[in-house]
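Peer 1: Below is the file structure.pdb, with PDB, C-alpha atoms and all ligand atoms.
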```pdb
ATOM      1  CA  MET M   1       0.000   0.000   0.000
ATOM      2  CA  GLU M   2       1.181   3.493  -0.816
ATOM      3  CA  VAL M   3      -0.297   6.670   0.668
ATOM      4  CA  THR M   4       0.799  10.311   0.452
ATOM      5  CA  ILE M   5       0.186  13.038   2.986
ATOM      6  CA  LEU M   6      -0.787  15.796   0.569
ATOM      7  CA  GLY M   7      -1.117  18.465   3.249
ATOM      8  CA  SER M   8       0.312  18.403   6.783
ATOM      9  CA  GLY M   9      -1.127  21.727   7.971
ATOM     10  CA  GLY M  10      -4.457  22.490   9.605
ATOM     11  CA  ILE M  11      -6.747  25.483   9.983
ATOM     12  CA  GLU M  12      -3.828  27.910   9.838
ATOM     13  CA  SER M  13      -0.904  26.272   8.142
ATOM     14  CA  VAL M  14       2.615  27.721   8.129
ATOM     15  CA  PRO M  15       3.286  30.179   6.578
ATOM     16  CA  LYS M  16       0.277  32.217   7.519
ATOM     17  CA  PRO M  17      -0.521  35.109   5.171
ATOM     18  CA  CYS M  18       0.592  38.552   6.374
ATOM     19  CA  CYS M  19       2.458  37.026   9.351
ATOM     20  CA  THR M  20       6.048  38.136   9.982
ATOM     21  CA  CYS M  21       6.890  35.718  12.829
ATOM     22  CA  LYS M  22      10.147  33.732  12.552
ATOM     23  CA  ARG M  23       8.373  30.461  11.724
ATOM     24  CA  CYS M  24       6.416  31.977   8.847
ATOM     25  CA  LYS M  25       9.496  33.803   7.555
ATOM     26  CA  GLU M  26      11.559  30.589   7.640
ATOM     27  CA  SER M  27       8.793  28.659   5.917
ATOM     28  CA  THR M  28       8.403  31.267   3.149
ATOM     29  CA  LYS M  29      12.151  31.320   2.553
ATOM     30  CA  LYS M  30      12.971  27.591   2.685
ATOM     31  CA  LYS M  31       9.704  26.170   1.280
ATOM     32  CA  GLY M  32       9.781  22.325   0.861
ATOM     33  CA  LYS M  33       9.228  20.542   4.176
ATOM     34  CA  PHE M  34       8.906  23.902   5.919
ATOM     35  CA  PHE M  35       5.811  24.938   3.923
ATOM     36  CA  ARG M  36       2.521  23.301   4.945
ATOM     37  CA  THR M  37      -0.807  23.186   3.121
ATOM     38  CA  GLY M  38      -4.242  22.053   4.385
ATOM     39  CA  PRO M  39      -5.057  18.539   5.652
ATOM     40  CA  SER M  40      -5.485  15.894   2.964
ATOM     41  CA  LEU M  41      -4.431  12.284   2.284
ATOM     42  CA  PHE M  42      -4.153  10.414  -1.017
ATOM     43  CA  ILE M  43      -4.287   6.617  -1.139
ATOM     44  CA  ASN M  44      -2.173   6.054  -4.241
ATOM     45  CA  SER M  45      -2.959   2.336  -4.415
ATOM     46  CA  ALA M  46      -6.696   3.098  -4.748
ATOM     47  CA  ASN M  47      -6.801   6.580  -6.370
ATOM     48  CA  VAL M  48      -8.739   7.784  -3.337
ATOM     49  CA  LEU M  49      -8.574  11.227  -1.798
ATOM     50  CA  ILE M  50      -9.560  11.989   1.798
ATOM     51  CA  ASP M  51     -10.720  15.628   2.210
ATOM     52  CA  THR M  52     -10.278  18.608  -0.086
ATOM     53  CA  PRO M  53      -8.619  21.628   1.578
ATOM     54  CA  GLU M  54      -8.327  24.943  -0.266
ATOM     55  CA  GLU M  55      -4.938  23.985  -1.742
ATOM     56  CA  ILE M  56      -6.008  20.591  -3.094
ATOM     57  CA  ARG M  57      -5.412  21.612  -6.744
ATOM     58  CA  ILE M  58      -1.807  22.565  -6.011
ATOM     59  CA  GLN M  59      -1.313  19.393  -3.928
ATOM     60  CA  LEU M  60      -2.532  17.056  -6.718
ATOM     61  CA  ILE M  61      -0.359  18.815  -9.288
ATOM     62  CA  ARG M  62       2.680  18.788  -6.987
ATOM     63  CA  GLU M  63       2.386  15.015  -6.445
ATOM     64  CA  LYS M  64       1.730  14.372 -10.160
ATOM     65  CA  ILE M  65      -1.543  12.583  -9.348
ATOM     66  CA  SER M  66      -3.324  11.783 -12.595
ATOM     67  CA  LYS M  67      -6.495  10.041 -11.420
ATOM     68  CA  VAL M  68      -8.976  10.447  -8.567
ATOM     69  CA  ASP M  69     -11.730   7.805  -8.479
ATOM     70  CA  ALA M  70     -13.254   8.713  -5.122
ATOM     71  CA  ILE M  71     -13.258  11.361  -2.408
ATOM     72  CA  PHE M  72     -14.040  10.590   1.256
ATOM     73  CA  TYR M  73     -14.895  13.410   3.662
ATOM     74  CA  THR M  74     -14.086  13.287   7.372
ATOM     75  CA  HIS M  75     -16.267  16.255   8.414
ATOM     76  CA  TRP M  76     -17.699  19.549   7.208
ATOM     77  CA  HIS M  77     -15.085  22.007   8.568
ATOM     78  CA  PRO M  78     -13.743  24.489   5.965
ATOM     79  CA  ASP M  79     -10.095  23.360   6.207
ATOM     80  CA  HIS M  80     -11.276  19.898   5.012
ATOM     81  CA  THR M  81     -13.900  20.845   2.416
ATOM     82  CA  MET M  82     -13.281  24.253   0.841
ATOM     83  CA  GLY M  83     -11.478  22.772  -2.145
ATOM     84  CA  ILE M  84     -14.580  20.827  -3.223
ATOM     85  CA  ARG M  85     -14.545  22.554  -6.626
ATOM     86  CA  ILE M  86     -11.652  20.204  -7.468
ATOM     87  CA  ILE M  87     -14.431  17.857  -8.644
ATOM     88  CA  GLU M  88     -15.193  20.073 -11.643
ATOM     89  CA  GLN M  89     -11.532  20.984 -12.127
ATOM     90  CA  ILE M  90     -10.692  17.286 -12.476
ATOM     91  CA  ASN M  91     -13.734  15.972 -14.250
ATOM     92  CA  LYS M  92     -15.257  18.711 -16.408
ATOM     93  CA  ASP M  93     -14.158  19.180 -20.002
ATOM     94  CA  CYS M  94     -14.610  22.908 -20.492
ATOM     95  CA  HIS M  95     -14.495  22.581 -24.306
ATOM     96  CA  THR M  96     -17.574  20.368 -24.408
ATOM     97  CA  ASP M  97     -19.076  21.089 -20.966
ATOM     98  CA  LYS M  98     -19.256  17.312 -20.476
ATOM     99  CA  PRO M  99     -17.588  15.035 -17.911
ATOM    100  CA  LYS M 100     -14.145  13.762 -18.915
ATOM    101  CA  ASN M 101     -14.470  10.463 -17.041
ATOM    102  CA  LYS M 102     -17.004   8.513 -15.033
ATOM    103  CA  PRO M 103     -18.478  10.370 -12.021
ATOM    104  CA  ILE M 104     -16.143  10.673  -9.011
ATOM    105  CA  ASP M 105     -17.670   8.768  -6.069
ATOM    106  CA  VAL M 106     -18.032  11.097  -3.079
ATOM    107  CA  TYR M 107     -18.520   9.542   0.386
ATOM    108  CA  ILE M 108     -19.704  11.478   3.432
ATOM    109  CA  SER M 109     -21.818  10.899   6.542
ATOM    110  CA  LYS M 110     -25.389  12.161   6.238
ATOM    111  CA  ASP M 111     -25.078  14.251   9.426
ATOM    112  CA  GLN M 112     -21.890  15.903   8.192
ATOM    113  CA  PHE M 113     -23.496  16.523   4.788
ATOM    114  CA  ASN M 114     -26.355  18.353   6.524
ATOM    115  CA  LEU M 115     -23.895  20.418   8.600
ATOM    116  CA  LEU M 116     -21.962  21.280   5.437
ATOM    117  CA  ASP M 117     -25.218  22.421   3.830
ATOM    118  CA  LYS M 118     -26.190  24.466   6.889
ATOM    119  CA  PHE M 119     -22.892  26.239   7.519
ATOM    120  CA  LEU M 120     -20.759  26.237   4.410
ATOM    121  CA  ILE M 121     -21.516  24.552   1.078
ATOM    122  CA  ARG M 122     -25.123  24.226  -0.088
ATOM    123  CA  LYS M 123     -26.364  20.780  -1.062
ATOM    124  CA  GLU M 124     -27.456  22.339  -4.367
ATOM    125  CA  LEU M 125     -23.798  22.336  -5.436
ATOM    126  CA  PHE M 126     -23.725  18.536  -5.003
ATOM    127  CA  ASP M 127     -27.037  18.340  -6.935
ATOM    128  CA  LEU M 128     -25.517  20.409  -9.748
ATOM    129  CA  TYR M 129     -22.382  18.246  -9.939
ATOM    130  CA  GLU M 130     -24.518  15.101  -9.891
ATOM    131  CA  SER M 131     -26.789  16.433 -12.667
ATOM    132  CA  GLN M 132     -23.641  17.116 -14.721
ATOM    133  CA  LYS M 133     -22.419  13.559 -13.961
ATOM    134  CA  LEU M 134     -19.192  14.930 -12.480
ATOM    135  CA  MET M 135     -19.716  13.051  -9.211
ATOM    136  CA  LYS M 136     -21.975  10.616  -7.414
ATOM    137  CA  LYS M 137     -22.783  11.123  -3.748
ATOM    138  CA  HIS M 138     -22.917   8.224  -1.264
ATOM    139  CA  PHE M 139     -23.954   8.472   2.379
ATOM    140  CA  LEU M 140     -21.639   6.345   4.508
ATOM    141  CA  LYS M 141     -22.853   4.762   7.728
ATOM    142  CA  ASP M 142     -20.698   4.204  10.795
ATOM    143  CA  SER M 143     -18.522   1.057  10.342
ATOM    144  CA  GLU M 144     -19.429   0.801   6.656
ATOM    145  CA  SER M 145     -16.545   0.059   4.323
ATOM    146  CA  VAL M 146     -15.865   0.486   0.624
ATOM    147  CA  LYS M 147     -13.436  -1.668  -1.370
ATOM    148  CA  PHE M 148     -11.060  -0.544  -4.105
ATOM    149  CA  GLY M 149      -9.385  -3.731  -5.324
ATOM    150  CA  LYS M 150      -7.385  -5.020  -2.350
ATOM    151  CA  ILE M 151      -7.783  -1.788  -0.382
ATOM    152  CA  GLU M 152     -10.683  -1.437   2.045
ATOM    153  CA  ILE M 153     -11.669   1.903   3.590
ATOM    154  CA  GLU M 154     -13.865   1.788   6.686
ATOM    155  CA  ALA M 155     -15.657   4.818   8.151
ATOM    156  CA  ILE M 156     -15.618   5.024  11.942
ATOM    157  CA  LYS M 157     -17.593   7.623  13.901
ATOM    158  CA  PHE M 158     -15.916   9.432  16.792
ATOM    159  CA  PRO M 159     -17.569   8.869  20.200
ATOM    160  CA  LYS M 160     -18.536  12.543  20.640
ATOM    161  CA  SER M 161     -19.002  13.798  17.091
ATOM    162  CA  SER M 162     -20.652  12.674  13.877
ATOM    163  CA  ALA M 163     -17.324  13.208  12.081
ATOM    164  CA  TYR M 164     -15.619  10.142  10.673
ATOM    165  CA  TYR M 165     -12.084   8.907  10.754
ATOM    166  CA  TYR M 166     -10.980   6.151   8.403
ATOM    167  CA  LEU M 167      -9.358   2.763   8.795
ATOM    168  CA  ILE M 168      -7.501   1.890   5.592
ATOM    169  CA  LYS M 169      -6.683  -1.799   5.219
ATOM    170  CA  GLU M 170      -4.863  -4.038   2.774
ATOM    171  CA  GLY M 171      -4.589  -7.651   3.998
ATOM    172  CA  ASN M 172      -3.237  -7.351   7.544
ATOM    173  CA  LYS M 173      -1.792  -3.850   6.973
ATOM    174  CA  LYS M 174      -3.675  -1.017   8.632
ATOM    175  CA  ILE M 175      -3.498   2.776   8.613
ATOM    176  CA  ILE M 176      -5.792   4.891  10.799
ATOM    177  CA  TYR M 177      -6.435   8.398   9.411
ATOM    178  CA  MET M 178      -7.732  10.661  12.177
ATOM    179  CA  PRO M 179      -6.907  14.209  11.073
ATOM    180  CA  CYS M 180      -9.297  16.373  13.132
ATOM    181  CA  GLU M 181     -12.250  16.464  15.575
ATOM    182  CA  ILE M 182     -10.544  14.241  18.149
ATOM    183  CA  GLU M 183     -12.800  15.395  20.972
ATOM    184  CA  LYS M 184     -12.878  11.878  22.361
ATOM    185  CA  ILE M 185     -11.175   8.685  21.228
ATOM    186  CA  LYS M 186     -11.996   5.117  22.099
ATOM    187  CA  GLU M 187      -9.875   1.989  21.853
ATOM    188  CA  LEU M 188     -11.679  -0.342  19.425
ATOM    189  CA  ASN M 189     -10.528  -3.908  18.809
ATOM    190  CA  LYS M 190     -10.418  -3.392  15.048
ATOM    191  CA  LEU M 191      -7.756  -0.675  15.473
ATOM    192  CA  LYS M 192      -5.360  -3.020  17.322
ATOM    193  CA  ASN M 193      -1.839  -3.469  15.946
ATOM    194  CA  ALA M 194      -2.320  -0.800  13.280
ATOM    195  CA  ASP M 195       0.870  -0.008  11.402
ATOM    196  CA  TYR M 196       0.253   3.740  11.442
ATOM    197  CA  LEU M 197      -1.917   6.283  13.214
ATOM    198  CA  ILE M 198      -1.969   9.533  11.229
ATOM    199  CA  VAL M 199      -3.468  11.924  13.734
ATOM    200  CA  HIS M 200      -4.229  15.539  14.594
ATOM    201  CA  PHE M 201      -1.362  17.171  16.476
ATOM    202  CA  SER M 202      -3.430  18.643  19.295
ATOM    203  CA  TRP M 203      -1.701  19.993  22.417
ATOM    204  CA  PHE M 204       0.566  18.804  25.218
ATOM    205  CA  GLN M 205      -0.813  18.745  28.727
ATOM    206  CA  GLU M 206       2.673  18.844  30.217
ATOM    207  CA  LYS M 207       4.915  20.512  27.705
ATOM    208  CA  GLY M 208       3.149  23.806  27.297
ATOM    209  CA  ILE M 209       2.478  23.687  23.562
ATOM    210  CA  CYS M 210      -0.671  25.534  22.659
ATOM    211  CA  VAL M 211      -1.981  25.613  26.234
ATOM    212  CA  GLU M 212      -2.735  29.312  25.911
ATOM    213  CA  PHE M 213      -5.363  28.563  23.251
ATOM    214  CA  PRO M 214      -8.532  27.605  25.154
ATOM    215  CA  TRP M 215     -10.254  26.091  22.075
ATOM    216  CA  ARG M 216      -7.577  23.402  22.035
ATOM    217  CA  PHE M 217      -9.018  21.853  25.176
ATOM    218  CA  SER M 218     -12.029  20.550  23.268
ATOM    219  CA  GLU M 219      -9.638  17.985  21.754
ATOM    220  CA  VAL M 220      -7.752  15.233  23.557
ATOM    221  CA  PRO M 221      -4.111  16.077  24.424
ATOM    222  CA  VAL M 222      -1.088  14.350  22.893
ATOM    223  CA  GLU M 223      -0.638  12.405  26.138
ATOM    224  CA  ARG M 224      -4.057  10.749  25.620
ATOM    225  CA  ILE M 225      -3.212  10.021  21.979
ATOM    226  CA  LEU M 226      -0.030   8.239  23.074
ATOM    227  CA  GLU M 227      -1.948   6.262  25.708
ATOM    228  CA  PHE M 228      -4.364   5.199  22.911
ATOM    229  CA  VAL M 229      -1.350   4.184  20.785
ATOM    230  CA  ASN M 230       0.090   2.173  23.646
ATOM    231  CA  ASN M 231      -3.217   0.464  24.539
ATOM    232  CA  LEU M 232      -3.768  -0.587  20.922
ATOM    233  CA  SER M 233      -0.123  -1.521  20.182
ATOM    234  CA  ILE M 234      -0.021   0.862  17.217
ATOM    235  CA  LYS M 235       3.414   0.723  15.611
ATOM    236  CA  ASN M 236       3.957   4.275  14.287
ATOM    237  CA  VAL M 237       2.450   7.711  14.885
ATOM    238  CA  ILE M 238       2.464  10.575  12.381
ATOM    239  CA  PHE M 239       1.224  13.949  13.550
ATOM    240  CA  ILE M 240      -0.530  16.128  10.984
ATOM    241  CA  HIS M 241      -2.833  19.169  11.105
ATOM    242  CA  ILE M 242       0.121  21.189  12.398
ATOM    243  CA  ASP M 243      -0.900  24.804  12.856
ATOM    244  CA  GLU M 244       0.871  28.129  13.045
ATOM    245  CA  CYS M 245      -0.390  28.534  16.628
ATOM    246  CA  HIS M 246       1.632  25.502  17.683
ATOM    247  CA  ASP M 247       4.498  28.027  17.733
ATOM    248  CA  LYS M 248       7.069  25.413  16.748
ATOM    249  CA  THR M 249       9.591  25.580  13.943
ATOM    250  CA  TYR M 250      10.275  22.518  11.825
ATOM    251  CA  ASP M 251      13.489  21.829  13.771
ATOM    252  CA  GLU M 252      11.741  22.147  17.128
ATOM    253  CA  LEU M 253       9.191  19.562  16.023
ATOM    254  CA  LYS M 254      12.022  17.253  14.862
ATOM    255  CA  ASN M 255      13.377  17.459  18.432
ATOM    256  CA  GLN M 256      10.000  16.323  19.780
ATOM    257  CA  GLU M 257      10.376  13.193  17.631
ATOM    258  CA  LYS M 258      13.463  12.265  19.652
ATOM    259  CA  LYS M 259      11.566  12.725  22.926
ATOM    260  CA  TYR M 260       8.775  10.403  21.815
ATOM    261  CA  LYS M 261      10.984   7.863  20.054
ATOM    262  CA  LYS M 262       9.397   5.046  22.071
ATOM    263  CA  PHE M 263       6.160   5.583  20.139
ATOM    264  CA  ASN M 264       7.883   6.037  16.747
ATOM    265  CA  VAL M 265       6.496   9.556  16.480
ATOM    266  CA  LYS M 266       7.060  11.566  13.303
ATOM    267  CA  PHE M 267       5.805  14.989  12.335
ATOM    268  CA  ALA M 268       4.425  14.991   8.804
ATOM    269  CA  PHE M 269       5.500  17.234   5.953
ATOM    270  CA  ASP M 270       3.716  17.859   2.682
ATOM    271  CA  GLY M 271       4.419  15.026   0.258
ATOM    272  CA  MET M 272       5.399  12.513   2.988
ATOM    273  CA  LYS M 273       4.889   8.942   1.744
ATOM    274  CA  ILE M 274       4.053   5.756   3.573
ATOM    275  CA  TYR M 275       4.745   2.387   1.969
ATOM    276  CA  LEU M 276       3.405  -0.737   3.603
TER     277      LEU M 276
HETATM  278 ZN    ZN M 301       3.569  33.258  11.739
HETATM  279 ZN    ZN M 302      -9.279  20.473  10.720
HETATM  280 ZN    ZN M 303     -12.236  20.083  12.057
END
```
Show the structure stored in the file as structure tokens.
Ligand SMILES: [Zn+2]
Ligand SMILES: [Zn+2]
Ligand SMILES: [Zn+2]

Peer 2:
Amino acid sequence: MEVTILGSGGIESVPKPCCTCKRCKESTKKKGKFFRTGPSLFINSANVLIDTPEEIRIQLIREKISKVDAIFYTHWHPDHTMGIRIIEQINKDCHTDKPKNKPIDVYISKDQFNLLDKFLIRKELFDLYESQKLMKKHFLKDSESVKFGKIEIEAIKFPKSSAYYYLIKEGNKKIIYMPCEIEKIKELNKLKNADYLIVHFSWFQEKGICVEFPWRFSEVPVERILEFVNNLSIKNVIFIHIDECHDKTYDELKNQEKKYKKFNVKFAFDGMKIYL
């Protein structure tokens, strides 16, 4: 299995526009691993995209991705959905006004679809794309899975939110993709012995990262994530959704990796690949 972390940033990736702090300056100057775009994952072995942040067009071009068969959404928040127009950018032939390929299958929970319609993107846009045969919408239920050849993608609902995270499986290989909304996490048998947990970098209870941002406390701290990893014997942890407010340079995050070596912790960068 091959997957690519298309975007390792979160709601406010580094560099942040109009910011002159040292992290943003460094990121603007050095680019590459120092420059983060919004949260998104591509499962290369299945041509499946999870979430469409604003920069999704640039991410797909950067990784030379030539085919997207399906898009799975985790939840309605703007940093995960605002690039939805990628559907027409990929699949509409502007010379003929017709679809270039078969409709892209779009998977989302019904509750999250209704929240998206209420707060951000009207359901009429989905209706329009469906009428133009650019996409086909599918409502995913909790614990439902979809197969793409040998790859199976299972939707799992968080205990305190109707958002989904995804368990990606091929044979006995497992990757858990949990990029956001980690208000509560629960050890489930099916997550045991996963090869990777790709997870929202939230905040440290002890180490003072991000503690001055009260909204952070709605999500579980890193300490709880590592307890979850330990309880489930997960082999590797990759933190994503790294925000400007984490106040850490790339090198400072690399130092954190050494501290949490026991858990095989890595901080993601845009374009990071996992081969299993
Ligand atoms: Zn900054
Ligand atoms: Zn997010
Ligand atoms: Zn979110």

Peer 1: Using only C-alpha atoms and all ligand atoms, find each protein or nucleic acid residue lying at most 9 Å from ligand ZN 301 (chain M); present the set as an NGL selection string.

Peer 2: :M and (14-25 or 244-245 or 247)

Peer 1: Taking all atoms listed in the file into account, produce a table as JSON lines in which each residue of chain M with an atom at most 12 Å from an atom of ligand ZN 302 (chain M) appears once, together with its shortest atom pair and the distance in Å to one decimal, ordered by chain and rising number.

Peer 2:
```
{"residue": "M:Gly7", "atom": "CA", "partner": "M:ZN302", "partner_atom": "ZN", "distance": 11.2}
{"residue": "M:Ser8", "atom": "CA", "partner": "M:ZN302", "partner_atom": "ZN", "distance": 10.6}
{"residue": "M:Gly9", "atom": "CA", "partner": "M:ZN302", "partner_atom": "ZN", "distance": 8.7}
{"residue": "M:Gly10", "atom": "CA", "partner": "M:ZN302", "partner_atom": "ZN", "distance": 5.3}
{"residue": "M:Ile11", "atom": "CA", "partner": "M:ZN302", "partner_atom": "ZN", "distance": 5.7}
{"residue": "M:Glu12", "atom": "CA", "partner": "M:ZN302", "partner_atom": "ZN", "distance": 9.3}
{"residue": "M:Ser13", "atom": "CA", "partner": "M:ZN302", "partner_atom": "ZN", "distance": 10.5}
{"residue": "M:Thr37", "atom": "CA", "partner": "M:ZN302", "partner_atom": "ZN", "distance": 11.7}
{"residue": "M:Gly38", "atom": "CA", "partner": "M:ZN302", "partner_atom": "ZN", "distance": 8.2}
{"residue": "M:Pro39", "atom": "CA", "partner": "M:ZN302", "partner_atom": "ZN", "distance": 6.9}
{"residue": "M:Ser40", "atom": "CA", "partner": "M:ZN302", "partner_atom": "ZN", "distance": 9.8}
{"residue": "M:Asp51", "atom": "CA", "partner": "M:ZN302", "partner_atom": "ZN", "distance": 9.9}
{"residue": "M:Thr52", "atom": "CA", "partner": "M:ZN302", "partner_atom": "ZN", "distance": 11.0}
{"residue": "M:Pro53", "atom": "CA", "partner": "M:ZN302", "partner_atom": "ZN", "distance": 9.2}
{"residue": "M:Glu54", "atom": "CA", "partner": "M:ZN302", "partner_atom": "ZN", "distance": 11.9}
{"residue": "M:Tyr73", "atom": "CA", "partner": "M:ZN302", "partner_atom": "ZN", "distance": 11.5}
{"residue": "M:Thr74", "atom": "CA", "partner": "M:ZN302", "partner_atom": "ZN", "distance": 9.3}
{"residue": "M:His75", "atom": "CA", "partner": "M:ZN302", "partner_atom": "ZN", "distance": 8.5}
{"residue": "M:Trp76", "atom": "CA", "partner": "M:ZN302", "partner_atom": "ZN", "distance": 9.2}
{"residue": "M:His77", "atom": "CA", "partner": "M:ZN302", "partner_atom": "ZN", "distance": 6.4}
{"residue": "M:Pro78", "atom": "CA", "partner": "M:ZN302", "partner_atom": "ZN", "distance": 7.7}
{"residue": "M:Asp79", "atom": "CA", "partner": "M:ZN302", "partner_atom": "ZN", "distance": 5.4}
{"residue": "M:His80", "atom": "CA", "partner": "M:ZN302", "partner_atom": "ZN", "distance": 6.1}
{"residue": "M:Thr81", "atom": "CA", "partner": "M:ZN302", "partner_atom": "ZN", "distance": 9.5}
{"residue": "M:Met82", "atom": "CA", "partner": "M:ZN302", "partner_atom": "ZN", "distance": 11.3}
{"residue": "M:Ala163", "atom": "CA", "partner": "M:ZN302", "partner_atom": "ZN", "distance": 10.9}
{"residue": "M:Tyr165", "atom": "CA", "partner": "M:ZN302", "partner_atom": "ZN", "distance": 11.9}
{"residue": "M:Met178", "atom": "CA", "partner": "M:ZN302", "partner_atom": "ZN", "distance": 10.0}
{"residue": "M:Pro179", "atom": "CA", "partner": "M:ZN302", "partner_atom": "ZN", "distance": 6.7}
{"residue": "M:Cys180", "atom": "CA", "partner": "M:ZN302", "partner_atom": "ZN", "distance": 4.8}
{"residue": "M:Glu181", "atom": "CA", "partner": "M:ZN302", "partner_atom": "ZN", "distance": 7.0}
{"residue": "M:Ile182", "atom": "CA", "partner": "M:ZN302", "partner_atom": "ZN", "distance": 9.8}
{"residue": "M:Glu183", "atom": "CA", "partner": "M:ZN302", "partner_atom": "ZN", "distance": 12.0}
{"residue": "M:Val199", "atom": "CA", "partner": "M:ZN302", "partner_atom": "ZN", "distance": 10.8}
{"residue": "M:His200", "atom": "CA", "partner": "M:ZN302", "partner_atom": "ZN", "distance": 8.1}
{"residue": "M:Phe201", "atom": "CA", "partner": "M:ZN302", "partner_atom": "ZN", "distance": 10.3}
{"residue": "M:Ser202", "atom": "CA", "partner": "M:ZN302", "partner_atom": "ZN", "distance": 10.5}
{"residue": "M:Arg216", "atom": "CA", "partner": "M:ZN302", "partner_atom": "ZN", "distance": 11.8}
{"residue": "M:Glu219", "atom": "CA", "partner": "M:ZN302", "partner_atom": "ZN", "distance": 11.3}
{"residue": "M:Ile240", "atom": "CA", "partner": "M:ZN302", "partner_atom": "ZN", "distance": 9.8}
{"residue": "M:His241", "atom": "CA", "partner": "M:ZN302", "partner_atom": "ZN", "distance": 6.6}
{"residue": "M:Ile242", "atom": "CA", "partner": "M:ZN302", "partner_atom": "ZN", "distance": 9.6}
{"residue": "M:Asp243", "atom": "CA", "partner": "M:ZN302", "partner_atom": "ZN", "distance": 9.7}
```

Peer 1: Nearest to ligand ZN 303 (chain M): which of M:Phe267, M:Tyr275, M:Tyr164, M:Phe72 is it, counting only C-alpha atoms and all ligand atoms?

Peer 2: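 Nearest candidate to ligand ZN 303 (chain M) out of M:Phe267, M:Tyr275, M:Tyr164, M:Phe72: M:Tyr164.
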
Peer 1: Pull out every residue that the PyMOL selection byres (((chain M and resi 273) around 7) and not hetatm) matches in the shown coordinates and put them as a list in words.

Peer 2: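 Checked against the file, the PyMOL selection byres (((chain M and resi 273) around 7) and not hetatm) matches Val3, Thr4, Ile5, Gly271, Met272, Ile274 and Tyr275 of chain M.
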
Peer 1: Can you work out which one of M:Leu167, M:Leu116, M:Val265, M:Ile56 has the shortest atom-to-atom distance to ligand ZN 303 (chain M), counting all atoms listed in the file?

Peer 2: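 The answer is M:Leu116, which sits nearest to ligand ZN 303 (chain M).
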
Peer 1: What separation in Å, quoted to one decimal, exists between atom CA of M:Thr28 and atom CA of M:Ile43?

Peer 2: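 It comes out at 28.1 Å.
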
Peer 1: Please write as a count of residues only the list of polymer residues whose atoms come within 10 Å of (1.4, -0.7, 14.8), counting all atoms listed in the file and keeping to the coordinates of the file.

Peer 2: 21

Peer 1: Which residues would end up in the selection if the PyMOL selection byres (((chain M and resi 186) around 12) and not hetatm) were applied here, given that I need the answer as a count of residues only?

Peer 2: 24

Peer 1: Rounded to one decimal in Å, what is the spacing between atom CA of M:Asp270 and atom CA of M:Ile86?

Peer 2: 18.6 Å

Peer 1: Can you list, as a ChimeraX atom specification, the residues that the PyMOL selection byres (((chain M and resi 107) around 7) and not hetatm) selects here?

Peer 2: /M:71-73,105-106,108,137-140

Peer 1: Would you kindly return, as JSON, numbers by chain, each protein, DNA or RNA residue with an atom no farther than 9 Å from any atom of stretch 143-152 of chain M, considering all atoms listed in the file and excluding same-chain residues fewer than 6 positions away?

Peer 2: {"M": [1, 45, 46, 47, 48, 167, 168, 169, 170, 171]}
